[in-house]
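Asker: File entry.cif follows (mmCIF, C-alpha atoms):
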```cif
data_entry
loop_
_atom_site.group_PDB
_atom_site.id
_atom_site.type_symbol
_atom_site.label_atom_id
_atom_site.label_comp_id
_atom_site.auth_asym_id
_atom_site.auth_seq_id
_atom_site.Cartn_x
_atom_site.Cartn_y
_atom_site.Cartn_z
ATOM 1 C CA MET A 830 -19.585 -17.991 -41.771
ATOM 2 C CA SER A 831 -16.210 -16.533 -42.679
ATOM 3 C CA ALA A 832 -17.531 -12.972 -42.172
ATOM 4 C CA ASN A 833 -18.736 -13.945 -38.690
ATOM 5 C CA LEU A 834 -15.310 -15.329 -37.826
ATOM 6 C CA VAL A 835 -13.623 -12.140 -39.029
ATOM 7 C CA ASN A 836 -16.060 -10.040 -36.979
ATOM 8 C CA ILE A 837 -15.524 -12.119 -33.819
ATOM 9 C CA THR A 838 -11.748 -12.051 -34.303
ATOM 10 C CA SER A 839 -11.805 -8.290 -34.739
ATOM 11 C CA GLN A 840 -13.875 -7.802 -31.576
ATOM 12 C CA LEU A 841 -11.600 -10.118 -29.625
ATOM 13 C CA GLN A 842 -8.485 -8.300 -30.800
ATOM 14 C CA GLY A 843 -10.052 -4.976 -29.852
ATOM 15 C CA GLU A 844 -10.907 -6.192 -26.353
ATOM 16 C CA MET A 845 -7.432 -7.676 -25.891
ATOM 17 C CA SER A 846 -5.908 -4.361 -26.953
ATOM 18 C CA LEU A 847 -8.008 -2.502 -24.356
ATOM 19 C CA MET A 848 -6.982 -4.969 -21.633
ATOM 20 C CA GLU A 849 -3.326 -4.645 -22.631
ATOM 21 C CA LYS A 850 -3.567 -0.843 -22.402
ATOM 22 C CA ALA A 851 -5.296 -1.011 -18.993
ATOM 23 C CA THR A 852 -2.625 -3.421 -17.719
ATOM 24 C CA SER A 853 0.144 -1.194 -19.036
ATOM 25 C CA ASN A 854 -1.406 1.846 -17.348
ATOM 26 C CA ALA A 855 -1.706 -0.035 -14.038
ATOM 27 C CA THR A 856 1.926 -1.144 -14.322
ATOM 28 C CA ALA A 857 3.067 2.423 -14.895
ATOM 29 C CA GLU A 858 0.965 3.617 -11.948
ATOM 30 C CA LEU A 859 2.533 1.029 -9.620
ATOM 31 C CA PHE A 860 6.120 1.343 -10.834
ATOM 32 C CA GLY A 861 8.442 2.179 -7.954
ATOM 33 C CA ARG A 862 5.645 2.138 -5.386
ATOM 34 C CA SER A 863 4.528 -0.288 -2.713
ATOM 35 C CA LEU A 864 2.836 -3.358 -4.137
ATOM 36 C CA LYS A 865 0.749 -3.991 -1.049
ATOM 37 C CA ASP A 866 -0.738 -0.703 0.173
ATOM 38 C CA SER A 867 -4.130 0.919 -0.356
ATOM 39 C CA HIS A 868 -2.952 2.626 -3.552
ATOM 40 C CA ALA A 869 -2.005 -0.740 -5.063
ATOM 41 C CA TYR A 870 -5.407 -2.089 -4.066
ATOM 42 C CA GLU A 871 -7.151 0.843 -5.778
ATOM 43 C CA VAL A 872 -5.095 0.413 -8.951
ATOM 44 C CA LEU A 873 -5.806 -3.333 -9.111
ATOM 45 C CA SER A 874 -9.490 -2.827 -8.339
ATOM 46 C CA TYR A 875 -9.760 -0.298 -11.146
ATOM 47 C CA LEU A 876 -7.907 -2.655 -13.486
ATOM 48 C CA VAL A 877 -10.220 -5.584 -12.721
ATOM 49 C CA SER A 878 -13.289 -3.400 -13.171
ATOM 50 C CA SER A 879 -12.051 -2.069 -16.529
ATOM 51 C CA SER A 880 -13.193 -5.130 -18.492
ATOM 52 C CA PRO A 881 -15.887 -7.751 -18.030
ATOM 53 C CA TYR A 882 -13.309 -10.325 -19.103
ATOM 54 C CA LEU A 883 -10.855 -9.661 -16.258
ATOM 55 C CA ILE A 884 -11.413 -11.770 -13.178
ATOM 56 C CA ASN A 885 -8.430 -10.962 -10.976
ATOM 57 C CA ALA A 886 -5.186 -9.032 -10.792
ATOM 58 C CA VAL A 887 -2.082 -9.488 -8.682
ATOM 59 C CA THR A 888 1.103 -7.651 -7.848
ATOM 60 C CA VAL A 889 4.249 -9.770 -7.688
ATOM 61 C CA ASP A 890 7.582 -8.606 -6.290
ATOM 62 C CA ARG A 891 10.988 -9.341 -7.817
ATOM 63 C CA ASN A 892 11.259 -12.542 -5.775
ATOM 64 C CA GLY A 893 8.042 -13.866 -7.255
ATOM 65 C CA THR A 894 6.016 -13.321 -4.078
ATOM 66 C CA ILE A 895 2.404 -12.229 -4.570
ATOM 67 C CA ARG A 896 1.973 -8.991 -2.629
ATOM 68 C CA MET A 897 -1.632 -8.083 -3.475
ATOM 69 C CA HIS A 898 -4.472 -10.035 -5.071
ATOM 70 C CA VAL A 899 -7.765 -8.474 -6.124
ATOM 71 C CA MET A 900 -10.578 -10.626 -7.444
ATOM 72 C CA MET A 901 -13.860 -9.515 -8.943
ATOM 73 C CA CYS A 902 -16.379 -11.549 -6.981
ATOM 74 C CA THR A 903 -19.608 -9.803 -7.888
ATOM 75 C CA ARG A 904 -19.856 -10.670 -11.556
ATOM 76 C CA LEU A 905 -22.395 -13.164 -12.756
ATOM 77 C CA TRP A 906 -21.175 -15.411 -15.534
ATOM 78 C CA ARG A 907 -23.443 -16.931 -18.130
ATOM 79 C CA VAL A 908 -22.504 -19.895 -20.227
#
```
In structure tokens, what does this structure look like?
Answerer:
Amino acid sequence: MSANLVNITSQLQGEMSLMEKATSNATAELFGRSLKDSHAYEVLSYLVSSSPYLINAVTVDRNGTIRMHVMMCTRLWRV
């Protein structure tokens, strides 16, 4: 049982690391650019498609206003 927990934890940490890297790359790509144009949409779409665990992504300006929201609507979830 303990080996299973270690394996699951390791896989989870690996996936979280990949999502963190993808988010960091998207942030760098959007830095200093418009948060609501077609380029922002492409960056967010790519980000959401980069992991089966990401459902949506948003850009938020300095005032806290959401400028772009992309949601992955085509995934089927199994429980």
Asker: Please write as a PyMOL selection string the full residue list that the PyMOL selection byres ((chain A and resi 890) around 12) yields on this file.
Answerer: chain A and resi 859-865+887-889+891-897
Asker: So how many Å separate atom CA of A:Asn854 and atom CA of A:Val872, to one decimal?
Answerer: 9.3 Å
Asker: Leaving out A:Glu871 and any residue of its chain fewer than 6 positions from it, which residues lie within 10 Å of it when counting all atoms listed in the file, given as a PyMOL selection string?
Answerer: chain A and resi 855+877+899
Asker: Generate a file of the selected residues that holds C-alpha atoms, formatted as a CSV table (one decimal), in the frame of the given file.
Answerer:
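Just written: part-v6.csv:
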```csv
chain,number,residue,atom,x,y,z
A,855,ALA,CA,-1.7,0.0,-14.0
A,877,VAL,CA,-10.2,-5.6,-12.7
A,899,VAL,CA,-7.8,-8.5,-6.1
```
Asker: Enter the distance from atom CA of A:Leu873 to atom CA of A:Ala886, in Å, rounded to one decimal.
Answerer: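 Separation between atom CA of A:Leu873 and atom CA of A:Ala886: 6.0 Å.
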Asker: Would you compute, for all listed atoms of stretch 864-880 of chain A, the axis-aligned bounding box grown by 3 Å on each side, and then report its centre and edge lengths in Å rounded to one decimal, as lines of an AutoDock Vina configuration file?
Answerer:
```
center_x = -5.2
center_y = -1.5
center_z = -9.2
size_x = 22.1
size_y = 14.2
size_z = 24.7
```
Asker: As a list in words, please: the residues near A:Ser874 (cut-off 9 Å, only C-alpha atoms, same-chain neighbours under 4 positions excluded).
Answerer: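 The neighbour list is Ala869, Tyr870, Ser878, Ser879, Asn885, Ala886, Val899, Met900 and Met901 of chain A.
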Asker: Expressed in Å to a single decimal, how great is the separation between atom CA of A:Leu876 and atom CA of A:Gly843?
Answerer: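 Computing the Euclidean distance for atom CA of A:Leu876 and atom CA of A:Gly843 yields 16.7 Å.
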Asker: Could you check the closest approach to A:Ser880 for each of A:Val835, A:Leu841, A:Met830, A:Leu847 and tell me which residue wins, using all atoms listed in the file?
Answerer: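 The answer is A:Leu847, which sits nearest to A:Ser880.
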Asker: With distances taken over only C-alpha atoms, which of A:Ser839, A:Leu883, A:Leu834, A:His898 is nearest to A:Ala851?
Answerer: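 When distances to A:Ala851 are compared using only C-alpha atoms, the smallest one comes from A:Leu883.
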